[in-house]
Amino acid sequence: MEEKKFSITGMSCAACSAHVEKAVGSVKGVEKVAVSLMSAAMRVSFDGAVTSPEEIIRAVEKAGYGASEMTKSAGIAASNAENAARLRRRLLLSAVFNLFLMYISMGHMLGAPLPDFLDPHGTGALFFALAQLLLTLPVIWLNRKYFTDGVSAMLRGGANMNSLIAVGSGSALLYGVYVFIKIAMAVGAGDAEAAHLLSMELYFESAATILTLVLLGKTLEAGAKKKTTAAIERLMQLRPDKARVVRNGVETEVDISELSVGDTVAVRSGETIPADGVIIDGNGSVDESALTGESLPVEKSGGDTVTGATVNQNGYFRLRVTHTEEDSALTAIIRLMEDAAASKAPAAKLADKVSGVFVPAVFGIALISAMVWLLLGEGFGFAVRVAVCVLVISCPCALGLATPVAVTVGCGRGAELGVLIKNGSALEHVGRISTVMLDKTGTVTEGRPAVVELRQAEGADMDGSELVRLAASAEALSEHPLARGICVYAEFLGIAAGNADNYSFTEGGGIVAYTEGRRVACGNSRLMTKEKAAGFSELLSGGGETVIYVAVDGVYCGAFVLSDRIRADSAEAIAELNKLKVNTVMLTGDSKETAEKIAKSAGITEYCAGLLPHDKERIISERLGGGGMVAMVGGGINDSPALARADVGIAIGAGTDVAIESADIVLTGNSLKGVPLAIRLSRATVRIIRQNLFWALFYNALCIPIAAGVLYKPFGLLLDPMLAALAMCFSSVFVVTNALRLFTFERKRRTQNIQPAQPTQNTQEIQKAQPTQNTQEIQEAQPTQETQQIEETQQIEETQPLQEAEQTQEIQSGKEIKAEMKREMLIDGMMCKHCSGRVEKALNSIEGVRATVDLEKNTAYITVTEGFGVDDKVLSDAVTDAGYDVISIK
């Protein structure tokens, strides 16, 4: 089954999009078709063996519209901007002619002077009518699209908004021409009084004003539509025009379209990064807020990836281009947002169904109204006026725009906040979630397990160094976070991993590989049982820890105990979900003890432990259909089936490409706080959609009877066609501007999506493993520095601006007490009391400094006495030299 996107031209209302859908849906081989009025785009799923894009285009053209296959990004923002400019030009010209027309036709009623030859009270009645006709014709020509499209649609049996306008304005024009002929005949017969009376029945001003006011509404609507794609426009504007390419050691400025994969690009302080790439030398502080919603800059250095369109705030580095402009992350995000804008939410189906029968029903009501008034004895002119009012006021634009504008603005606002929503269905469904399933590793936790203990098996004929070498050699072939933790541990100890082959993976168990001619199995207790490892006995961890057992040649040799810290904001995100009445369930393959401890720390009341990857999908399947929607949040390859199975799949931004592809929503920031944010955004968007649908339906239900004249007999009230056109155009504007309110979503809350900093050499940190009797031999062989574990810097929520140190000077007993500066230092990497002790010792060793460290808050509280030459850099260097990272000092 193939899927293609097409650009559609000529659509003006929801009836048009419904007609195109019907035409394409009838093509043999087409399985699914969705047409978006908002983006003038169509997405078609079809069997390539049965039909082709050419056949689909012919079906659209046969229906009276234009179509072309999209080969690149839909360009919604550019298309809306161009359309708005074109409409403004037409409106200006139409308004000029209409202004003169209104002056001639109605000015004399207000006492405005007219030349004698245009005086309808005298002999100028014929010229009075002719002048109006000549001023009306340019307005008709400027807006001929309403007539050509509307009439052709009627001839094809697919009447639309343009059909209503064409018939309404055309009827007024033709009736005016009919009256003009009668005036000419009266003047020819010398009957000036009859000519004067007939000149008051001209409807030329109505015909022209209807078109001008409809055009005004369309212009305002187009301007509002342009705002709905503001997020896409801002992303497009992030792209720099030039890049500084390094060739033969010389920096040369070139257009970014000339960049190729493998080029070396230099980026200076304050410059926008021109392309996705990997830093090969230098370092910088990169602002990624435009793409991730994270306000704090991320430190980058050699080996780190950077994304095009982000800004290097400080530093200088060179990068190797890995993706060109067309394949960049920014382009992928823009296309995703345009796809979301072009998609339909389930609520749009109601509007489509109504629009399909709405226009024919309006024609029927207009005809019946005219006939009723003729039967009641009113004149032909009166009946025409009523019919024109009904046709003009009933335009279904508001109904067709009610849903797509809200979806477009909602998806755009989500992207600004770091929540990429792939389609309108996901945006609507996520607000109805009652249960969120959370993967543990990399979702609730940081996903960077570190070895905290090595336990050798009693009586094992193998020393610790050899055990680490063999395990690291086997695990080097795996991409699992636990495997990486063991490899990092070996790297620090200076133990080089060997080559391994015949690698095999046991689902939910672990890995087996051969290295140095020996069979090495690393995994959980299930794998050890499967391997029938001699001497194996399961270890009990303290909870919150994961144990990886190692067997060599069928003999159990020892185990690595790894710990994975909970994300700094996981508990806060879970608390927000609880406030939203959303149940949370944690899914993990770890032991019950580990799952229980992590769930308790994060505030999760329900968890399922010891799961295999397919178990997650099974659990979600069991929850589906239980009265409420189920979401799955994850990022690993093994989460992909569960993400696809859930009603809404949500992928963490740092997850694998497979997981992101399977998800409906992608959190660009590595934070669970994006989940409650997405739910709140969905609920706000659905609320706007319901308001718009109510307004559109209520407006027509109220205005059509009034236009038909139901208030004329009891109250003498009859709607003027010009007022009908004005009411119609502002109904559409109201719907669009109401949707624009979503741009204010979360402005006051200032919810920040938290994204951990990318790993850099400058911020890598070494954490001492817990000493045990079994690891003593390894520790004696270590370098003199403390045993440490490499770990990425954990970024925190937005901090308040740095405050000036409070300084006080007092005189007590005639002795001056020197001013003191108070400092709070946020430190990353401390995992135990040994760590906090080392930091405290390092700070207190500085003369003039007193410091205490709070391990739970990862904060050092520092008092610096004036006069000792101690500044923030001295404090920061002391902590960095001790092997930890300073996040901020305030």
# chains A, B, ... in the order shown; residues from 1 in each chain; ligands from 1

$ select_by_dssp --residues "stretch 395-631 of chain A" --states "strand (DSSP E or B)" --output "JSON, numbers by chain"
{"A": [419, 420, 421, 433, 434, 435, 436, 437, 438, 439, 445, 450, 451, 452, 453, 454, 455, 456, 501, 502, 503, 504, 505, 506, 510, 511, 512, 513, 514, 515, 518, 519, 520, 521, 522, 523, 534, 545, 546, 547, 548, 549, 550, 551, 552, 555, 556, 557, 558, 559, 560, 561, 562, 563, 566, 583, 584, 585, 586, 587, 606, 607, 608, 629, 630, 631]}

$ residues_around --residues "A:Thr859" --least-positions-apart "5" --cutoff "7 Å" --atoms "only C-alpha atoms" --output "tab-separated table (two decimals) with N, CA and C atoms, in the first residue's frame"
chain	number	residue	atom	x	y	z
A	824	GLU	N	25.08	29.54	46.40
A	824	GLU	CA	24.49	28.20	46.28
A	824	GLU	C	24.96	27.60	44.97
A	825	MET	N	25.62	26.46	45.07
A	825	MET	CA	26.18	25.82	43.87
A	825	MET	C	25.45	24.51	43.60
A	826	LEU	N	24.86	24.41	42.41
A	826	LEU	CA	24.18	23.17	41.99
A	826	LEU	C	25.21	22.28	41.29
A	827	ILE	N	25.33	21.06	41.78
A	827	ILE	CA	26.40	20.16	41.32
A	827	ILE	C	25.79	18.88	40.76
A	853	VAL	N	27.34	20.56	52.16
A	853	VAL	CA	26.75	19.98	50.96
A	853	VAL	C	25.51	19.18	51.32
A	854	ASP	N	24.41	19.43	50.58
A	854	ASP	CA	23.17	18.67	50.73
A	854	ASP	C	23.09	17.69	49.57

$ residues_around --residues "stretch 325-332 of chain A" --least-positions-apart "5" --cutoff "7 Å" --atoms "only C-alpha atoms" --output "list in words"
Ser257, Ala275, Asp276, Thr307 and Gly308 of chain A

$ write_last_selection --atoms "N, CA and C atoms" --output "PDB file, in the first residue's frame"
ATOM      1  N   SER A 257      22.749  25.656   0.811  1.00  0.00           N
ATOM      2  CA  SER A 257      22.288  24.666  -0.169  1.00  0.00           C
ATOM      3  C   SER A 257      23.454  23.939  -0.829  1.00  0.00           C
ATOM      4  N   ALA A 275      23.898  23.321   9.832  1.00  0.00           N
ATOM      5  CA  ALA A 275      23.499  21.962   9.439  1.00  0.00           C
ATOM      6  C   ALA A 275      23.680  20.996  10.602  1.00  0.00           C
ATOM      7  N   ASP A 276      22.998  19.870  10.534  1.00  0.00           N
ATOM      8  CA  ASP A 276      23.178  18.819  11.536  1.00  0.00           C
ATOM      9  C   ASP A 276      24.575  18.232  11.372  1.00  0.00           C
ATOM     10  N   THR A 307      22.450  20.228  16.167  1.00  0.00           N
ATOM     11  CA  THR A 307      21.343  20.304  15.219  1.00  0.00           C
ATOM     12  C   THR A 307      21.345  21.643  14.516  1.00  0.00           C
ATOM     13  N   GLY A 308      21.135  21.605  13.215  1.00  0.00           N
ATOM     14  CA  GLY A 308      21.058  22.832  12.441  1.00  0.00           C
ATOM     15  C   GLY A 308      19.948  23.729  12.939  1.00  0.00           C
TER      16      GLY A 308
END

$ residues_around --residues "A:Thr529" --least-positions-apart "5" --cutoff "12 Å" --atoms "only C-alpha atoms" --output "ChimeraX atom specification"
/A:509-510,521-524,534-538,549-551,554-556

$ atom_distance --atom1 "atom CA of A:Arg385" --atom2 "atom CA of A:Pro721"
6.8 Å

$ residues_around --residues "A:Met632" --least-positions-apart "5" --cutoff "12 Å" --atoms "only C-alpha atoms" --output "VMD selection string"
chain A and resid 430 433 to 440 443 583 to 587 616 to 617 619 to 621 623 to 624 639 to 652 659 662 to 666 672 675

$ atom_distance --atom1 "atom CA of A:Ser301" --atom2 "atom CA of A:Asn283"
4.1 Å

$ residues_around --residues "A:Asn499" --least-positions-apart "6" --cutoff "12 Å" --atoms "only C-alpha atoms" --output "list in words"
Arg469, Leu470, Ala471, Ala472, Ser473, Ala474, Glu475, Ala476, Leu477, Ala513, Tyr514, Thr515, Glu516, Gly517 and Arg518 of chain A
